[in-house]
file run.csv (CSV, C-alpha atoms and all ligand atoms)
chain,number,residue,atom,x,y,z
U,13,ALA,CA,-29.3,-18.6,-20.6
U,14,THR,CA,-27.0,-15.6,-20.1
U,15,PRO,CA,-28.4,-14.4,-16.8
U,16,THR,CA,-28.3,-17.9,-15.3
U,17,ALA,CA,-24.7,-18.4,-16.3
U,18,LEU,CA,-23.9,-15.1,-14.7
U,19,LEU,CA,-25.6,-16.1,-11.6
U,20,VAL,CA,-23.8,-19.4,-11.5
U,21,GLY,CA,-20.5,-17.6,-11.9
U,22,THR,CA,-21.2,-15.0,-9.3
U,23,GLY,CA,-22.8,-17.4,-6.9
U,24,ARG,CA,-19.8,-19.7,-7.1
U,25,GLY,CA,-17.7,-16.5,-6.6
U,26,SER,CA,-19.4,-15.7,-3.3
U,27,GLN,CA,-18.7,-19.2,-2.1
U,28,LEU,CA,-15.0,-18.6,-2.9
U,29,GLY,CA,-15.1,-15.2,-1.2
U,30,ILE,CA,-15.1,-13.3,-4.5
U,31,LEU,CA,-17.6,-10.5,-4.8
U,32,ILE,CA,-18.1,-9.4,-8.4
U,33,GLY,CA,-19.7,-6.0,-9.0
U,34,GLY,CA,-21.9,-6.9,-12.0
U,35,PRO,CA,-22.1,-8.6,-15.4
U,36,GLN,CA,-20.0,-5.9,-17.2
U,37,VAL,CA,-17.1,-6.8,-14.9
U,38,LEU,CA,-16.8,-10.3,-16.4
U,39,GLU,CA,-16.1,-9.0,-19.9
U,40,GLN,CA,-13.3,-6.8,-18.5
U,41,THR,CA,-11.6,-9.8,-16.9
U,42,ARG,CA,-11.2,-11.2,-20.4
U,43,ARG,CA,-9.7,-8.1,-21.9
U,44,VAL,CA,-7.1,-7.2,-19.3
U,45,ASP,CA,-3.5,-7.7,-20.3
U,46,THR,CA,-1.6,-5.8,-17.5
U,47,ILE,CA,-1.9,-6.2,-13.8
U,48,VAL,CA,-0.7,-3.4,-11.5
U,49,LEU,CA,-0.1,-4.5,-8.0
U,50,ASP,CA,0.2,-2.2,-4.9
U,51,LYS,CA,3.0,-3.3,-2.7
U,52,THR,CA,2.1,-2.7,1.0
U,53,GLY,CA,-0.8,-5.0,2.1
U,54,THR,CA,-1.3,-6.4,-1.4
U,55,VAL,CA,2.0,-8.2,-2.3
U,56,THR,CA,3.2,-7.9,1.3
U,57,THR,CA,1.3,-8.8,4.5
U,58,GLY,CA,1.2,-5.1,5.5
U,59,VAL,CA,1.8,-6.3,9.0
U,60,MET,CA,4.8,-4.1,9.6
U,61,ALA,CA,7.2,-4.1,12.5
U,62,VAL,CA,9.7,-1.5,13.7
U,63,SER,CA,13.2,-2.7,13.2
U,64,GLY,CA,15.3,0.3,14.1
U,65,ILE,CA,15.3,3.9,15.4
U,66,THR,CA,17.9,6.5,14.7
U,67,THR,CA,17.8,9.9,16.4
U,68,ALA,CA,19.2,13.3,15.7
U,69,ASP,CA,21.7,14.6,18.3
U,70,GLY,CA,20.1,15.2,21.7
U,71,GLU,CA,17.0,13.0,21.2
U,72,GLU,CA,16.1,9.7,22.8
U,73,ASP,CA,14.7,6.6,21.0
U,74,ASP,CA,11.8,6.5,23.4
U,75,GLU,CA,10.8,10.1,22.9
U,76,ILE,CA,10.9,9.6,19.1
U,77,LEU,CA,8.7,6.6,19.4
U,78,ALA,CA,6.3,8.3,21.9
U,79,MET,CA,5.8,11.3,19.7
U,80,ALA,CA,5.3,9.2,16.5
U,81,ALA,CA,2.9,6.7,18.3
U,82,ALA,CA,0.8,9.6,19.7
U,83,VAL,CA,0.1,10.8,16.2
U,84,GLU,CA,-0.1,7.4,14.5
U,85,HIS,CA,-2.7,6.2,16.9
U,86,GLY,CA,-5.2,7.9,14.7
U,87,SER,CA,-3.9,6.4,11.4
U,88,GLU,CA,-5.2,3.5,9.4
U,89,HIS,CA,-1.8,3.0,7.7
U,90,PRO,CA,0.2,-0.2,8.4
U,91,THR,CA,3.3,1.9,9.2
U,92,GLY,CA,1.2,3.6,11.9
U,93,ALA,CA,0.1,0.3,13.4
U,94,ALA,CA,3.8,-0.8,13.6
U,95,ILE,CA,4.8,2.3,15.4
U,96,VAL,CA,2.0,2.1,17.9
U,97,SER,CA,2.7,-1.6,18.7
U,98,ALA,CA,6.4,-0.8,19.2
U,99,ALA,CA,5.6,2.0,21.6
U,100,LEU,CA,3.2,-0.2,23.6
U,101,GLU,CA,5.7,-3.1,23.7
U,102,ARG,CA,8.2,-0.7,25.4
U,103,GLY,CA,5.5,0.4,27.9
U,104,ILE,CA,5.2,3.9,26.3
U,105,GLY,CA,1.7,5.3,26.9
U,106,LEU,CA,-0.1,7.0,24.1
U,107,THR,CA,-0.3,10.8,24.6
U,108,PRO,CA,-3.6,12.2,23.2
U,109,VAL,CA,-3.4,13.9,19.8
U,110,GLU,CA,-5.4,16.9,18.7
U,111,SER,CA,-6.2,18.2,15.2
U,112,PHE,CA,-5.0,14.9,13.6
U,113,THR,CA,-4.9,14.8,9.8
U,114,ALA,CA,-3.6,12.3,7.3
U,115,ASP,CA,-2.0,12.9,3.9
U,116,ALA,CA,-2.5,9.6,2.0
U,117,GLY,CA,0.8,8.3,0.6
U,118,SER,CA,2.8,10.8,2.6
U,119,GLY,CA,2.2,10.8,6.4
U,120,VAL,CA,0.2,12.1,9.3
U,121,ARG,CA,0.3,15.2,11.5
U,122,GLY,CA,-1.3,16.3,14.8
U,123,MET,CA,-0.8,18.3,18.0
U,124,VAL,CA,0.9,16.5,20.9
U,125,ASP,CA,1.4,18.4,24.1
U,126,ASP,CA,0.9,21.7,22.1
U,127,ARG,CA,3.5,20.8,19.6
U,128,LEU,CA,2.9,20.2,15.9
U,129,VAL,CA,4.3,16.7,15.1
U,130,LEU,CA,4.7,15.3,11.6
U,131,VAL,CA,5.3,11.6,10.8
U,132,GLY,CA,5.9,10.4,7.3
U,133,ARG,CA,8.1,10.3,4.2
U,134,MET,CA,11.3,12.3,4.7
U,135,ALA,CA,10.7,14.2,1.4
U,136,TRP,CA,7.2,15.1,2.5
U,137,LEU,CA,8.4,16.5,5.9
U,138,GLU,CA,11.2,18.5,4.3
U,139,LYS,CA,8.7,20.0,1.9
U,140,GLU,CA,6.1,20.8,4.5
U,141,TRP,CA,8.7,22.7,6.6
U,142,SER,CA,11.1,23.7,3.8
U,143,SER,CA,14.0,22.5,5.9
U,144,SER,CA,16.3,19.6,5.4
U,145,ALA,CA,17.0,16.8,7.8
U,146,PRO,CA,20.4,16.6,9.6
U,147,ALA,CA,22.9,15.0,7.2
U,148,ALA,CA,23.5,12.1,9.5
U,149,LEU,CA,19.8,11.2,9.6
U,150,ALA,CA,19.5,11.5,5.8
U,151,ASP,CA,22.4,9.1,5.4
U,152,SER,CA,20.9,6.6,7.9
U,153,ALA,CA,17.6,6.8,6.0
U,154,LYS,CA,19.4,6.1,2.7
U,155,ALA,CA,21.2,3.2,4.1
U,156,ALA,CA,18.1,1.6,5.6
U,157,GLU,CA,16.2,2.1,2.3
U,158,GLY,CA,19.1,0.5,0.5
U,159,GLU,CA,18.5,-2.6,2.7
U,160,GLY,CA,14.9,-2.8,1.7
U,161,GLY,CA,13.4,-1.0,4.8
U,162,THR,CA,10.5,1.4,4.8
U,163,VAL,CA,11.7,4.6,6.5
U,164,VAL,CA,9.4,7.1,8.4
U,165,ALA,CA,10.7,10.4,9.6
U,166,ILE,CA,9.5,12.3,12.7
U,167,ALA,CA,9.6,16.1,13.1
U,168,TRP,CA,8.4,18.6,15.6
U,169,ASP,CA,9.1,22.3,16.3
U,170,GLY,CA,10.1,22.6,12.7
U,171,SER,CA,12.9,20.0,12.5
U,172,VAL,CA,13.4,16.4,11.8
U,173,ARG,CA,14.2,14.6,15.1
U,174,GLY,CA,14.6,11.0,14.1
U,175,ILE,CA,13.7,8.1,11.7
U,176,ILE,CA,12.1,4.8,12.4
U,177,THR,CA,12.8,1.9,10.1
U,178,ILE,CA,10.0,-0.5,9.5
U,179,SER,CA,10.0,-3.9,7.9
U,180,ASP,CA,7.3,-5.8,6.1
U,181,THR,CA,7.0,-9.4,4.9
U,182,VAL,CA,6.2,-10.7,1.4
U,183,LYS,CA,3.1,-12.9,1.6
U,184,HIS,CA,4.3,-16.5,1.0
U,185,SER,CA,1.7,-16.9,-1.8
U,186,SER,CA,2.7,-13.8,-3.8
U,187,ALA,CA,5.5,-15.2,-6.0
U,188,GLU,CA,3.4,-18.2,-7.0
U,189,ALA,CA,0.4,-16.0,-7.8
U,190,ILE,CA,2.5,-13.7,-9.9
U,191,GLY,CA,3.6,-16.7,-12.0
U,192,ARG,CA,-0.1,-17.6,-12.4
U,193,PHE,CA,-0.8,-14.0,-13.6
U,194,ARG,CA,1.8,-14.4,-16.3
U,195,ALA,CA,0.4,-17.8,-17.3
U,196,LEU,CA,-3.0,-16.0,-17.8
U,197,GLY,CA,-1.2,-13.6,-20.1
U,198,LEU,CA,-1.0,-10.7,-17.7
U,199,THR,CA,2.1,-8.6,-17.3
U,200,PRO,CA,2.7,-7.6,-13.7
U,201,ILE,CA,3.8,-4.2,-12.5
U,202,LEU,CA,4.6,-3.3,-8.9
U,203,LEU,CA,3.4,0.2,-7.9
U,204,THR,CA,4.1,1.8,-4.5
U,205,GLY,CA,4.4,5.0,-2.6
U,206,ASP,CA,7.3,3.5,-0.7
U,207,ASN,CA,11.0,4.1,-1.5
U,208,GLU,CA,13.0,2.5,-4.3
U,209,GLY,CA,15.0,0.1,-2.1
U,210,ALA,CA,12.0,-1.3,-0.3
U,211,ALA,CA,10.2,-1.7,-3.7
U,212,ALA,CA,13.1,-3.3,-5.4
U,213,ALA,CA,13.5,-5.9,-2.6
U,214,VAL,CA,9.9,-6.9,-3.0
U,215,GLY,CA,10.1,-7.0,-6.8
U,216,THR,CA,13.1,-9.3,-6.6
U,217,ALA,CA,11.4,-11.6,-4.1
U,218,VAL,CA,8.3,-12.1,-6.2
U,219,GLY,CA,9.7,-11.9,-9.7
U,220,ILE,CA,8.5,-8.5,-11.0
U,221,ASP,CA,11.0,-6.5,-13.0
U,222,ASP,CA,8.8,-3.5,-13.7
U,223,VAL,CA,8.8,-1.7,-10.4
U,224,ARG,CA,7.6,1.9,-9.9
U,225,ALA,CA,8.4,3.4,-6.5
U,226,GLY,CA,7.9,6.7,-4.7
U,227,VAL,CA,4.5,7.2,-6.5
U,228,SER,CA,1.9,9.4,-4.8
U,229,PRO,CA,-1.8,8.4,-4.9
U,230,ALA,CA,-2.3,10.9,-7.7
U,231,GLY,CA,0.8,9.5,-9.5
U,232,LYS,CA,-0.7,6.0,-9.2
U,233,LEU,CA,-3.7,7.2,-11.1
U,234,ASP,CA,-1.4,8.7,-13.8
U,235,VAL,CA,0.4,5.4,-14.2
U,236,ILE,CA,-2.9,3.7,-14.9
U,237,ARG,CA,-3.8,6.3,-17.5
U,238,GLU,CA,-0.4,6.2,-19.1
U,239,LEU,CA,-0.6,2.4,-19.5
U,240,GLN,CA,-4.1,2.8,-21.0
U,241,GLY,CA,-2.8,5.5,-23.3
U,242,HIS,CA,-0.4,2.8,-24.6
U,243,ASP,CA,-3.3,0.5,-25.4
U,244,ARG,CA,-3.0,-1.6,-22.3
U,245,THR,CA,-6.1,-2.9,-20.6
U,246,VAL,CA,-5.3,-2.6,-17.0
U,247,ALA,CA,-6.3,-4.4,-13.8
U,248,MET,CA,-5.2,-2.8,-10.6
U,249,VAL,CA,-5.1,-4.6,-7.2
U,250,GLY,CA,-4.9,-2.5,-4.0
U,251,ASP,CA,-6.0,-2.1,-0.5
U,252,GLY,CA,-5.3,1.4,0.7
U,253,VAL,CA,-6.9,4.8,0.6
U,254,ASN,CA,-3.9,5.7,-1.5
U,255,ASP,CA,-5.0,3.2,-4.2
U,256,ALA,CA,-8.6,4.3,-4.5
U,257,ALA,CA,-8.2,6.7,-7.4
U,258,ALA,CA,-6.1,4.2,-9.4
U,259,LEU,CA,-8.6,1.4,-8.6
U,260,ALA,CA,-11.5,3.5,-9.9
U,261,ALA,CA,-9.6,4.5,-13.1
U,262,ALA,CA,-8.4,0.9,-13.9
U,263,ASP,CA,-10.3,-1.1,-16.5
U,264,LEU,CA,-10.7,-3.7,-13.7
U,265,GLY,CA,-10.3,-2.6,-10.0
U,266,ILE,CA,-9.7,-5.3,-7.5
U,267,ALA,CA,-9.7,-4.7,-3.8
U,268,MET,CA,-8.2,-7.0,-1.1
U,269,GLY,CA,-11.0,-7.7,1.3
U,270,SER,CA,-8.6,-7.0,4.2
U,271,GLY,CA,-8.3,-3.5,2.8
U,272,THR,CA,-9.8,-0.1,3.5
U,273,ASP,CA,-13.4,0.8,2.7
U,274,ALA,CA,-12.2,3.4,0.2
U,275,ALA,CA,-10.4,0.7,-1.8
U,276,ILE,CA,-13.4,-1.7,-1.7
U,277,ALA,CA,-15.8,1.1,-2.8
U,278,ALA,CA,-13.6,2.0,-5.7
U,279,SER,CA,-13.3,-1.5,-7.1
U,280,ASP,CA,-15.2,-3.9,-9.4
U,281,ILE,CA,-14.2,-7.1,-7.6
U,282,THR,CA,-13.4,-7.7,-3.9
U,283,VAL,CA,-11.4,-10.7,-2.9
U,284,VAL,CA,-12.3,-11.6,0.6
U,285,ARG,CA,-9.4,-14.0,1.1
U,286,GLY,CA,-6.5,-11.6,1.5
U,287,ASP,CA,-3.9,-13.0,-0.9
U,288,LEU,CA,-3.1,-12.8,-4.6
U,289,ASN,CA,-4.0,-16.3,-5.4
U,290,GLY,CA,-7.6,-15.2,-4.6
U,291,VAL,CA,-7.2,-12.6,-7.3
U,292,VAL,CA,-6.0,-15.2,-9.8
U,293,ASP,CA,-9.0,-17.4,-8.9
U,294,ALA,CA,-11.3,-14.4,-9.4
U,295,ILE,CA,-10.0,-13.7,-12.9
U,296,ARG,CA,-10.1,-17.3,-13.9
U,297,LEU,CA,-13.6,-17.8,-12.5
U,298,ALA,CA,-14.9,-14.7,-14.3
U,299,ARG,CA,-13.3,-15.8,-17.6
U,300,ARG,CA,-14.6,-19.3,-17.2
U,301,THR,CA,-18.1,-18.0,-16.5
U,302,LEU,CA,-17.9,-16.0,-19.8
U,303,GLY,CA,-16.8,-19.2,-21.5
U,304,VAL,CA,-20.1,-20.8,-20.4
U,305,ILE,CA,-22.1,-17.9,-21.8
U,306,LYS,CA,-20.4,-17.8,-25.2
U,401,LIG,P1,2.1,1.9,-0.6
U,401,LIG,O1,1.9,2.4,-2.0
U,401,LIG,O2,3.2,0.9,-0.5
U,401,LIG,O3,0.8,1.2,0.0
U,401,LIG,P2,1.7,4.5,0.6
U,401,LIG,O4,1.4,5.2,-0.7
U,401,LIG,O5,0.5,4.3,1.5
U,401,LIG,O6,2.4,3.1,0.4
U,401,LIG,O7,2.7,5.3,1.5
U,401,LIG,C1,3.9,5.7,0.9
U,401,LIG,C2,4.9,6.1,2.0
U,401,LIG,O8,4.4,7.2,2.7
U,401,LIG,C3,5.1,5.0,3.1
U,401,LIG,O9,6.1,4.1,2.7
U,401,LIG,C4,5.5,5.8,4.2
U,401,LIG,O10,6.9,6.2,4.2
U,401,LIG,C5,4.7,7.1,4.1
U,401,LIG,N1,3.4,7.1,4.8
U,401,LIG,C6,2.2,7.0,4.4
U,401,LIG,N2,1.3,7.0,5.4
U,401,LIG,C7,2.0,7.1,6.5
U,401,LIG,C8,1.7,7.2,7.9
U,401,LIG,N3,0.5,7.1,8.4
U,401,LIG,N4,2.7,7.3,8.8
U,401,LIG,C9,4.0,7.4,8.3
U,401,LIG,N5,4.3,7.3,7.0
U,401,LIG,C10,3.4,7.2,6.1
U,402,MG,MG,-1.3,-0.8,0.2

call {"tool": "encode", "arguments": {"input": "run.csv", "output": "structure tokens", "more": "lines below"}}
Ligand code: ADP
Ligand code: MG
result
Amino acid sequence: ATPTALLVGTGRGSQLGILIGGPQVLEQTRRVDTIVLDKTGTVTTGVMAVSGITTADGEEDDEILAMAAAVEHGSEHPTGAAIVSAALERGIGLTPVESFTADAGSGVRGMVDDRLVLVGRMAWLEKEWSSSAPAALADSAKAAEGEGGTVVAIAWDGSVRGIITISDTVKHSSAEAIGRFRALGLTPILLTGDNEGAAAAVGTAVGIDDVRAGVSPAGKLDVIRELQGHDRTVAMVGDGVNDAAALAAADLGIAMGSGTDAAIAASDITVVRGDLNGVVDAIRLARRTLGVIK
């Protein structure tokens, strides 16, 4: 009877757009007591929009946007998509980029018109070039972060030239789904590479008090291990390249179907429907299927 019950569960799952990796996954859904949620693209829509540009002395908004968009054109990150759309909306053409590379959770770099351009977290830029941003830019970045914005800095020729503030939107279903996780006995934790201000704003909006911000992809993996070290059985939900290591290490890795291939490959369950209620449904379905078996 067991294989049939499993088939029923997973068959129903595929109707609901829930892809379950195998029978062993079902057992894990019963044991999990903690659910770690990536912020961008998981709790939020990840459809980001540019809401402001601040430049260092002598730079123009459009040049900042043009340089950033040229490099971000090659990126799969939601901040990159926001920057490219904003440039196109202003009629700014995309200059070709050479030698593009991405540092997951930090930023991207490439050669634009023979200049090395970096676009990413301020702290990452400062570390890459061992130079600090002009004080006025650093202050604007702090202020924008305090208001819940995601801030991306742009540098070329060795100095930070400007910042772009980007806003995201919490999915309308997220707060309800987080209530449903709690009802299933799961403690939610918000985990993000983004800044404290942006993370806290989302935590407040959806009712999560345990918020961990500024965490690198390797740091996300460490958070999972640390929780497991405290006898927690951990589910992790994510969508990005930056979540892949944490998804693989979690007792139950769950990828948003809208996410990157790396996240899906690292996970035990994929929820095709891109919202957290789909994750609640997946856990409930898997647990119910087990109930049939026992
Ligand atoms: P999250 O955990 O919220 O999904 P990430 O770990 O992917 O966020 O990224 C953390 C931060 O690194 C972003 O908020 C952004 O500031 C910066 N970043 C990452 N990728 C890029 C990129 N392609 N362009 C600019 N900034 C980036
Ligand atoms: Mg994400």

call {"tool": "residues_around", "arguments": {"input": "run.csv", "residues": "U:Thr41", "least_positions_apart": "6", "cutoff": "7 Å", "atoms": "all atoms listed in the file", "output": "PyMOL selection string"}}
result
chain U and resi 264+295+298-299

call {"tool": "closest_residue", "arguments": {"input": "run.csv", "among": "U:Thr46, U:Gly231, U:Ala217, U:Val120", "to": "U:Lys183", "atoms": "only C-alpha atoms"}}
result
U:Ala217

call {"tool": "atom_distance", "arguments": {"input": "run.csv", "atom1": "atom CA of U:Asp45", "atom2": "atom CA of U:Arg244"}}
result
6.4 Å

call {"tool": "atom_distance", "arguments": {"input": "run.csv", "atom1": "atom CA of U:His184", "atom2": "atom CA of U:Pro200"}}
result
17.3 Å

call {"tool": "residues_near_point", "arguments": {"input": "run.csv", "point": "(5.5, -11.9, 2.7)", "cutoff": "10 Å", "atoms": "all atoms listed in the file", "output": "list in words"}}
result
Thr52, Gly53, Thr54, Val55, Thr56, Thr57, Gly58, Val59, Asp180, Thr181, Val182, Lys183, His184, Ser185, Ser186, Ala187, Val214, Ala217 and Val218 of chain U

call {"tool": "residues_near_point", "arguments": {"input": "run.csv", "point": "(9.3, -1.0, 0.5)", "cutoff": "10 Å", "atoms": "only C-alpha atoms", "output": "PyMOL selection string"}}
result
chain U and resi 51-52+56+157-163+178-181+204-215+225-226

call {"tool": "atom_distance", "arguments": {"input": "run.csv", "atom1": "atom CA of U:Ala78", "atom2": "atom CA of U:Val96"}}
result
8.5 Å

call {"tool": "residues_around", "arguments": {"input": "run.csv", "residues": "U:Asp73", "least_positions_apart": "2", "cutoff": "10 Å", "atoms": "all atoms listed in the file", "output": "VMD selection string"}}
result
chain U and resid 64 to 68 71 75 to 78 173 to 176

call {"tool": "residues_around", "arguments": {"input": "run.csv", "residues": "U:Arg127", "least_positions_apart": "4", "cutoff": "8 Å", "atoms": "all atoms listed in the file", "output": "PDB file with C-alpha atoms, keeping the file's coordinate frame"}}
result
ATOM      1  CA  MET U 123      -0.800  18.300  18.000  1.00  0.00           C
ATOM      2  CA  TRP U 168       8.400  18.600  15.600  1.00  0.00           C
ATOM      3  CA  ASP U 169       9.100  22.300  16.300  1.00  0.00           C
TER       4      ASP U 169
END

call {"tool": "closest_residue", "arguments": {"input": "run.csv", "among": "U:Ile95, U:Val246, U:Ile190, U:Leu233", "to": "ligand LIG 401 (chain U)", "atoms": "only C-alpha atoms and all ligand atoms"}}
result
U:Ile95

call {"tool": "closest_residue", "arguments": {"input": "run.csv", "among": "U:Leu31, U:Leu198, U:Ala116, U:Ala278", "to": "ligand MG 402 (chain U)", "atoms": "all atoms listed in the file"}}
result
U:Ala116

call {"tool": "closest_residue", "arguments": {"input": "run.csv", "among": "U:Ala147, U:Val283, U:Leu203, U:Leu100", "to": "ligand MG 402 (chain U)", "atoms": "only C-alpha atoms and all ligand atoms"}}
result
U:Leu203

call {"tool": "decode", "arguments": {"input": "run.csv", "residues": "stretch 120-131 of chain U", "atoms": "C-alpha atoms", "output": "PDB file, in the first residue's frame"}}
result
ATOM      1  CA  VAL U 120      28.531  42.157 -10.778  1.00  0.00           C
ATOM      2  CA  ARG U 121      31.475  43.537 -12.721  1.00  0.00           C
ATOM      3  CA  GLY U 122      32.488  43.990 -16.346  1.00  0.00           C
ATOM      4  CA  MET U 123      34.380  46.143 -18.823  1.00  0.00           C
ATOM      5  CA  VAL U 124      32.324  48.954 -20.373  1.00  0.00           C
ATOM      6  CA  ASP U 125      34.159  51.136 -22.922  1.00  0.00           C
ATOM      7  CA  ASP U 126      37.468  49.810 -21.546  1.00  0.00           C
ATOM      8  CA  ARG U 127      36.594  50.759 -17.992  1.00  0.00           C
ATOM      9  CA  LEU U 128      36.183  48.228 -15.198  1.00  0.00           C
ATOM     10  CA  VAL U 129      32.739  48.878 -13.680  1.00  0.00           C
ATOM     11  CA  LEU U 130      31.474  47.332 -10.436  1.00  0.00           C
ATOM     12  CA  VAL U 131      27.808  47.326  -9.403  1.00  0.00           C
TER      13      VAL U 131
END
